[in-house]
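Chemist: To be precise about what I am sending: the file is called final_21.cif and holds mmCIF, C-alpha atoms.
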data_final
loop_
_atom_site.label_atom_id
_atom_site.label_comp_id
_atom_site.auth_asym_id
_atom_site.auth_seq_id
_atom_site.Cartn_x
_atom_site.Cartn_y
_atom_site.Cartn_z
CA MET A 1 94.96 30.17 132.89
CA LYS A 2 91.25 29.70 133.58
CA ILE A 3 89.76 32.86 135.07
CA SER A 4 86.39 33.69 136.59
CA ILE A 5 85.22 37.29 136.48
CA VAL A 6 82.64 38.15 139.14
CA GLY A 7 80.98 41.23 137.68
CA THR A 8 81.04 41.49 133.88
CA GLY A 9 80.59 45.27 133.63
CA LEU A 10 83.01 48.02 132.68
CA ILE A 11 86.00 47.01 134.82
CA GLY A 12 85.56 43.25 134.75
CA GLY A 13 84.79 43.27 131.03
CA SER A 14 87.78 45.46 130.20
CA ILE A 15 90.13 43.23 132.19
CA ALA A 16 88.74 40.14 130.46
CA LEU A 17 89.23 41.60 126.99
CA LYS A 18 92.82 42.61 127.75
CA LEU A 19 93.78 39.26 129.28
CA LYS A 20 92.32 37.48 126.27
CA SER A 21 94.23 39.68 123.84
CA LYS A 22 97.47 38.99 125.74
CA GLY A 23 96.88 35.24 125.76
CA ILE A 24 96.85 35.12 129.55
CA ALA A 25 93.32 33.70 129.77
CA ASP A 26 92.63 30.35 128.14
CA PHE A 27 89.00 30.44 129.26
CA ILE A 28 86.95 33.06 131.09
CA TYR A 29 83.83 32.31 133.11
CA GLY A 30 81.40 35.14 133.75
CA ILE A 31 79.52 35.39 137.04
CA ASP A 32 76.95 38.14 137.45
CA ASN A 33 73.57 38.77 139.10
CA SER A 34 72.48 40.46 135.87
CA THR A 35 71.43 38.01 133.18
CA ASP A 36 71.47 40.87 130.67
CA HIS A 37 75.12 41.60 131.49
CA LEU A 38 76.05 37.93 131.14
CA ASN A 39 74.27 37.58 127.82
CA LYS A 40 75.84 40.77 126.46
CA ALA A 41 79.32 39.74 127.70
CA LEU A 42 78.89 36.39 125.96
CA GLU A 43 77.67 38.07 122.77
CA LEU A 44 80.66 40.44 122.79
CA LYS A 45 83.04 37.50 123.44
CA ILE A 46 84.18 39.07 126.70
CA ILE A 47 83.52 35.77 128.45
CA ASP A 48 83.51 32.21 127.13
CA SER A 49 80.79 30.83 129.36
CA LYS A 50 78.27 31.86 131.99
CA ALA A 51 78.58 30.24 135.41
CA ASP A 52 76.99 30.35 138.83
CA LEU A 53 79.18 31.31 141.78
CA ALA A 54 80.00 27.81 143.02
CA ASP A 55 80.87 26.36 139.60
CA GLY A 56 82.72 29.49 138.49
CA ILE A 57 84.90 29.55 141.59
CA ARG A 58 85.61 25.81 141.47
CA SER A 59 86.65 25.92 137.80
CA ALA A 60 89.10 28.87 137.91
CA GLU A 61 92.71 29.32 138.91
CA LEU A 62 92.14 33.07 139.34
CA ILE A 63 88.96 34.81 140.50
CA ILE A 64 88.63 38.53 139.80
CA LEU A 65 86.05 40.36 141.89
CA ALA A 66 84.82 43.39 139.91
CA ILE A 67 81.66 44.46 141.72
CA PRO A 68 80.73 47.48 143.92
CA VAL A 69 82.78 47.67 147.11
CA ASP A 70 79.92 46.96 149.52
CA ALA A 71 79.03 43.81 147.60
CA ALA A 72 82.71 42.81 147.37
CA ARG A 73 83.12 43.19 151.11
CA LYS A 74 80.22 40.77 151.71
CA LEU A 75 81.07 38.28 148.98
CA LEU A 76 84.84 38.00 149.43
CA PRO A 77 84.73 35.90 152.63
CA GLN A 78 82.27 33.53 150.96
CA ILE A 79 84.57 33.07 147.98
CA LEU A 80 87.56 32.47 150.24
CA ASP A 81 85.51 29.72 151.89
CA LEU A 82 85.16 28.01 148.49
CA ILE A 83 88.72 28.18 147.14
CA ASN A 84 91.69 25.90 147.71
CA GLU A 85 95.33 26.72 148.39
CA ASN A 86 96.19 26.77 144.68
CA GLN A 87 93.65 29.42 143.73
CA THR A 88 93.99 33.20 143.91
CA ILE A 89 91.40 35.92 144.26
CA MET A 90 91.87 39.61 143.55
CA ASP A 91 89.42 42.49 143.74
CA THR A 92 89.26 45.78 141.84
CA GLY A 93 87.60 48.00 144.45
CA SER A 94 88.15 51.75 144.73
CA THR A 95 88.38 51.52 148.53
CA LYS A 96 90.58 49.03 150.32
CA VAL A 97 90.40 49.34 154.13
CA GLY A 98 86.91 47.88 154.48
CA ILE A 99 87.67 45.02 152.12
CA VAL A 100 90.92 43.93 153.78
CA GLN A 101 89.32 44.23 157.21
CA ALA A 102 86.48 41.96 156.09
CA VAL A 103 88.92 39.05 155.62
CA GLU A 104 91.79 39.92 157.98
CA ASN A 105 91.10 36.90 160.19
CA HIS A 106 90.03 34.50 157.45
CA PRO A 107 92.16 31.30 157.42
CA LYS A 108 92.66 31.67 153.65
CA ARG A 109 93.43 35.41 153.75
CA SER A 110 96.79 34.82 152.04
CA ARG A 111 95.03 33.70 148.83
CA PHE A 112 93.56 37.19 148.41
CA VAL A 113 95.39 40.15 146.84
CA ALA A 114 93.84 43.59 147.29
CA PHE A 115 94.09 45.46 143.99
CA HIS A 116 92.80 48.71 142.52
CA PRO A 117 93.23 49.58 138.83
CA MET A 118 93.28 53.38 138.68
CA TRP A 119 90.95 53.76 135.74
CA GLY A 120 87.24 54.12 135.17
CA THR A 121 84.66 56.05 133.22
CA GLU A 122 81.13 57.28 133.77
CA ASN A 123 79.87 54.41 131.60
CA SER A 124 78.81 50.98 132.81
CA GLY A 125 78.01 47.50 131.58
CA PRO A 126 79.89 45.09 129.30
CA LYS A 127 79.11 47.20 126.22
CA SER A 128 81.43 49.86 127.71
CA ALA A 129 84.39 47.51 128.15
CA VAL A 130 87.57 48.47 126.27
CA SER A 131 90.63 46.25 126.02
CA GLU A 132 93.25 49.02 126.21
CA SER A 133 91.62 50.89 129.09
CA PHE A 134 94.37 50.27 131.64
CA ALA A 135 97.49 50.87 129.55
CA GLY A 136 99.82 53.34 131.22
CA LYS A 137 97.64 53.72 134.32
CA ALA A 138 98.61 52.91 137.90
CA GLY A 139 97.73 49.54 139.35
CA VAL A 140 97.82 49.52 143.16
CA ILE A 141 98.38 46.42 145.27
CA CYS A 142 97.62 46.98 148.95
CA ASN A 143 98.94 45.14 152.01
CA ARG A 144 101.03 42.77 149.89
CA GLU A 145 102.67 41.31 152.99
CA GLU A 146 99.31 39.72 153.86
CA SER A 147 99.20 37.74 150.60
CA SER A 148 101.13 34.55 149.87
CA GLU A 149 104.11 34.83 147.53
CA ASP A 150 102.56 32.78 144.72
CA ALA A 151 99.22 34.64 144.88
CA LEU A 152 101.08 37.95 144.77
CA LYS A 153 103.12 36.82 141.75
CA THR A 154 99.93 35.80 139.94
CA VAL A 155 98.37 39.22 140.42
CA GLU A 156 101.61 41.01 139.55
CA LYS A 157 101.58 39.08 136.27
CA ILE A 158 97.99 40.22 135.66
CA VAL A 159 98.90 43.86 136.36
CA ASP A 160 101.84 43.60 133.96
CA SER A 161 99.58 42.05 131.30
CA LEU A 162 97.18 45.00 131.69
CA ASP A 163 100.17 47.25 130.82
CA MET A 164 99.82 49.13 134.10
CA HIS A 165 102.64 50.44 136.25
CA LEU A 166 102.57 48.78 139.64
CA ILE A 167 102.45 50.64 142.97
CA TYR A 168 102.50 49.04 146.42
CA MET A 169 100.69 50.80 149.23
CA ASN A 170 98.98 50.07 152.53
CA ALA A 171 95.19 50.17 152.49
CA GLU A 172 94.90 53.20 154.77
CA ASP A 173 97.17 55.37 152.62
CA HIS A 174 95.40 54.19 149.48
CA ASP A 175 92.01 55.31 150.78
CA VAL A 176 93.33 58.72 151.80
CA HIS A 177 94.95 59.32 148.42
CA THR A 178 91.97 58.16 146.38
CA ALA A 179 89.73 60.47 148.40
CA TYR A 180 91.84 63.36 147.09
CA ILE A 181 92.36 62.32 143.48
CA SER A 182 89.13 60.50 142.68
CA HIS A 183 86.34 60.55 145.21
CA ILE A 184 86.19 64.33 145.71
CA SER A 185 86.15 64.80 141.94
CA HIS A 186 82.97 62.77 141.71
CA ILE A 187 81.26 64.63 144.54
CA THR A 188 82.20 67.96 142.95
CA SER A 189 80.82 66.81 139.61
CA TYR A 190 77.57 65.63 141.16
CA ALA A 191 77.20 68.92 143.04
CA LEU A 192 77.88 71.02 139.94
CA ALA A 193 75.39 69.01 137.90
CA ASN A 194 72.73 69.52 140.58
CA THR A 195 73.52 73.24 140.69
CA VAL A 196 73.01 73.61 136.96
CA LEU A 197 69.89 71.44 137.00
CA GLU A 198 68.39 73.79 139.59
CA LYS A 199 69.29 76.83 137.47
CA GLU A 200 67.98 75.18 134.33
CA ARG A 201 64.48 75.41 135.76
CA GLU A 202 64.73 79.17 135.26
CA GLU A 203 66.88 79.26 132.15
CA GLU A 204 66.21 76.56 129.57
CA THR A 205 68.92 77.90 127.26
CA ILE A 206 71.71 77.05 129.68
CA PHE A 207 72.22 73.57 128.21
CA GLN A 208 72.04 74.91 124.67
CA LEU A 209 74.99 77.14 125.53
CA ALA A 210 76.94 74.48 127.40
CA SER A 211 80.48 74.12 126.06
CA SER A 212 82.78 71.14 125.89
CA GLY A 213 84.43 72.48 129.04
CA PHE A 214 81.18 72.16 130.95
CA SER A 215 80.58 68.68 129.55
CA SER A 216 84.01 67.46 130.63
CA THR A 217 83.58 69.00 134.09
CA VAL A 218 80.27 67.25 134.78
CA ARG A 219 81.14 64.03 132.92
CA LEU A 220 81.65 62.19 136.20
CA ALA A 221 78.12 63.11 137.30
CA LYS A 222 76.91 60.44 134.87
CA SER A 223 78.51 57.78 137.09
CA HIS A 224 75.99 55.42 138.68
CA PRO A 225 74.99 55.70 142.36
CA GLU A 226 75.07 51.89 142.63
CA MET A 227 78.84 52.13 142.42
CA TRP A 228 79.57 55.45 144.09
CA VAL A 229 77.34 55.44 147.17
CA PRO A 230 79.18 52.32 148.46
CA ILE A 231 82.54 54.00 147.78
CA PHE A 232 81.52 57.11 149.72
CA ARG A 233 80.18 54.91 152.51
CA GLN A 234 83.37 52.86 152.75
CA ASN A 235 85.65 55.91 152.60
CA ARG A 236 83.37 58.32 154.49
CA GLU A 237 85.89 59.81 156.94
CA ASN A 238 88.54 60.53 154.30
CA VAL A 239 86.00 61.96 151.87
CA LEU A 240 84.57 64.23 154.58
CA ASP A 241 88.06 65.50 155.39
CA VAL A 242 88.74 66.36 151.74
CA LEU A 243 85.24 67.78 151.27
CA ASN A 244 85.73 70.17 154.19
CA GLU A 245 88.91 71.48 152.60
CA HIS A 246 87.16 71.82 149.24
CA ILE A 247 84.33 73.81 150.82
CA SER A 248 86.93 76.05 152.48
CA GLN A 249 88.51 76.71 149.08
CA LEU A 250 85.12 77.54 147.54
CA ARG A 251 84.49 80.03 150.35
CA LYS A 252 87.74 81.80 149.48
CA PHE A 253 86.58 82.29 145.89
CA LYS A 254 83.16 83.43 147.10
CA SER A 255 84.69 85.92 149.53
CA ALA A 256 87.02 87.35 146.90
CA LEU A 257 84.10 87.98 144.56
CA GLU A 258 81.83 89.39 147.28
CA LYS A 259 84.51 91.85 148.38
CA GLU A 260 85.58 92.58 144.79
CA ASN A 261 89.07 91.56 145.80
CA PHE A 262 90.26 90.63 142.33
CA GLU A 263 93.92 90.64 143.33
CA TYR A 264 93.15 87.84 145.80
CA LEU A 265 91.08 86.07 143.11
CA GLU A 266 94.07 86.19 140.78
CA GLU A 267 96.26 84.83 143.56
CA LEU A 268 93.89 81.90 144.11
CA ILE A 269 93.83 81.07 140.40
CA SER A 270 97.61 81.40 140.05
CA ASN A 271 98.10 79.08 142.99
CA ALA A 272 95.74 76.57 141.39
CA ASN A 273 97.79 76.73 138.18
CA LYS A 274 100.62 74.99 140.04
CA ILE A 275 98.73 71.73 139.50
CA ARG A 276 99.82 71.91 135.85
CA GLY A 277 103.43 71.32 136.82
CA ILE A 278 102.41 68.19 138.73
CA LEU A 279 100.04 66.70 136.16
CA ASP A 280 102.24 67.47 133.14
CA LYS A 281 105.28 65.63 134.50
#
If you convert what's in this file into structure tokens, what do you get?

Modeler:
Amino acid sequence: MKISIVGTGLIGGSIALKLKSKGIADFIYGIDNSTDHLNKALELKIIDSKADLADGIRSAELIILAIPVDAARKLLPQILDLINENQTIMDTGSTKVGIVQAVENHPKRSRFVAFHPMWGTENSGPKSAVSESFAGKAGVICNREESSEDALKTVEKIVDSLDMHLIYMNAEDHDVHTAYISHISHITSYALANTVLEKEREEETIFQLASSGFSSTVRLAKSHPEMWVPIFRQNRENVLDVLNEHISQLRKFKSALEKENFEYLEELISNANKIRGILDK
């Protein structure tokens, strides 16, 4: 299968490496606005050739859109304009409602499969790509009834080749769930990092004392705004809903400490410990 990857960074690069290792991709074209990314992806053998958008789309059986969600929303209709009825396009965006709405009335809508691989790191660029990144993770296909049977089968084969377990979901539910399990985690990490950076102005030793626990908690704060501002924009209402609940929970901890109500503090922590039983299943 000849594949074009639009966006040769962390996600696109990792997918390319895995599909090459599995023998799914005979040839991979790289399409990217960043010449540095394309050159690095070529150097690392993530892609086999650089291509512009028109040539890359024309030459591939499968087009994988691995760019920020705002850019994907704008570019997807243009790519659908270029493809024929034997080609398939899939995206990898962390939000789905805006993307599926952008093409809901497109005459070639059925050639598109809305997909989200539930994996990512704070790193970016082709140098961060790892072949085994997706193994064991969830791969979500949204609104499958809007995709043609052969396009859906092509993407299902890709998900299986990535060693992911497949979940079907509608776009609205997907965006609600990701607000809870992913998007709020990033906002919390950004906020905590900013809190400590403010405190660090008074206490330079704070980073010298920082433990691995602190580092893991603020790891997501290293994630680039170029990716995450579009996600928050696309999923604004759901993120606000979750953020309001999170602020309410923080107020409970604040109140317990202010009132020296340590029994209530213990109750809050014990209740939070229930998450272990869910995550350890």

Chemist: Restricting the calculation to only C-alpha atoms, which member of A:Ile3, A:Gln249, A:Ile231, A:His174 is positioned closest to Leu265 in chain A?

Modeler: A:Gln249

Chemist: Given the file shown, enumerate the residues that the PyMOL selection byres ((chain A and resi 93) around 8) captures and present them as a list in words.

Modeler: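 That expression, the PyMOL selection byres ((chain A and resi 93) around 8), corresponds here to Ala66, Ile67, Pro68, Val69, Ala72, Asp91, Thr92, Ser94, Thr95, Lys96, Phe115 and His116 of chain A.
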
Chemist: Please provide as a ChimeraX atom specification all residues within 6 Å of range 176-181 of chain A, with the sequence filter that same-chain residues fewer than 2 positions apart are discarded (counting all atoms listed in the file).

Modeler: /A:173-174,183-184,238-239

Chemist: Would you mind exporting C-alpha atoms of the selected residues as a compact mmCIF listing (two decimals), in the frame of the given file?

Modeler:
# COMPACT_ATOMS: atom_id res chain seq x y z
CA ASP A 173 97.17 55.37 152.62
CA HIS A 174 95.40 54.19 149.48
CA HIS A 183 86.34 60.55 145.21
CA ILE A 184 86.19 64.33 145.71
CA ASN A 238 88.54 60.53 154.30
CA VAL A 239 86.00 61.96 151.87

Chemist: Taking the file above as input, evaluate the PyMOL selection byres ((chain A and resi 124) around 10) and report the hits as a ChimeraX atom specification.

Modeler: /A:8-11,13,120-123,125-129,222-224,227

Chemist: Show which residues sit within 12 Å of Glu266 in chain A, as JSON, numbers by chain. Count only C-alpha atoms, and ignore same-chain residues fewer than 4 positions away.

Modeler: {"A": [252, 253, 256, 257, 260, 261, 262, 270, 271, 272, 273]}

Chemist: Between A:Ser182, A:Ser110, A:Gln87, A:Gln78, which one has atoms that come closest to Arg144 in chain A, using only C-alpha atoms?

Modeler: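 Closest candidate: A:Ser110.
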
Chemist: Just how far from CA of Ala221 in chain A is CA of Ser248 in chain A, in Å to one decimal?

Modeler: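 Value for the CA of Ser248 in chain A-CA of Ala221 in chain A distance: 21.8 Å.
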
Chemist: Would you mind reading off the distance between CA of Lys137 in chain A and CA of Asp163 in chain A, one decimal, in Å?

Modeler: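 Between CA of Lys137 in chain A and CA of Asp163 in chain A the gap works out to 7.8 Å.
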
Chemist: Name the closest residue to Glu145 in chain A among the candidates A:Val130, A:Ile158, A:Ala171, A:Leu279; distances are taken between atoms, counting only C-alpha atoms.

Modeler: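 Looking only at the distances to Glu145 in chain A, the closest residue turns out to be A:Ala171.
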
Chemist: Excluding Gly23 in chain A and any residue of its chain fewer than 2 positions from it, enumerate the residues within 12 Å of it, using all atoms listed in the file, and give them as a list in words.

Modeler: Met1, Lys2, Ile3, Ala16, Leu17, Lys18, Leu19, Lys20, Ser21, Ala25, Asp26, Phe27, Ile28, Ile158, Ser161 and Leu162 of chain A

Chemist: What do you get, as a count of residues only, if you spell out every residue that the PyMOL selection byres ((chain A and resi 103) around 10) selects here?

Modeler: 19

Chemist: As an exercise, work out the distance from CA of Thr195 in chain A to CA of Asp241 in chain A in Å and give it to one decimal place.

Modeler: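 About the pair CA of Thr195 in chain A and CA of Asp241 in chain A: they are 22.1 Å apart.
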
Chemist: Pick out the closest residue to Leu166 in chain A from this set: A:Ser59, A:Gly7, A:Ile141, A:Ser255. Count all atoms listed in the file.

Modeler: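 Once distances to Leu166 in chain A are computed over all atoms listed in the file, the minimum belongs to A:Ile141.
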
Chemist: Give me the residues within 8 Å of Val155 in chain A as number ranges by chain, counting all atoms listed in the file and dropping any in the same chain fewer than 4 places off.

Modeler: A: 90, 113, 151, 159

Chemist: So that I have them on file, write out the residues from the current selection with C-alpha atoms, as a compact mmCIF listing (two decimals), keeping the file's coordinate frame.

Modeler:
# COMPACT_ATOMS: atom_id res chain seq x y z
CA MET A 90 91.87 39.61 143.55
CA VAL A 113 95.39 40.15 146.84
CA ALA A 151 99.22 34.64 144.88
CA VAL A 159 98.90 43.86 136.36

Chemist: Using only C-alpha atoms, pick whichever of A:Glu85, A:Glu172, A:Glu61, A:Glu245 has the shortest atom-to-atom distance to Thr154 in chain A.

Modeler: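 Checking each candidate against Thr154 in chain A, we get A:Glu61 as the closest.
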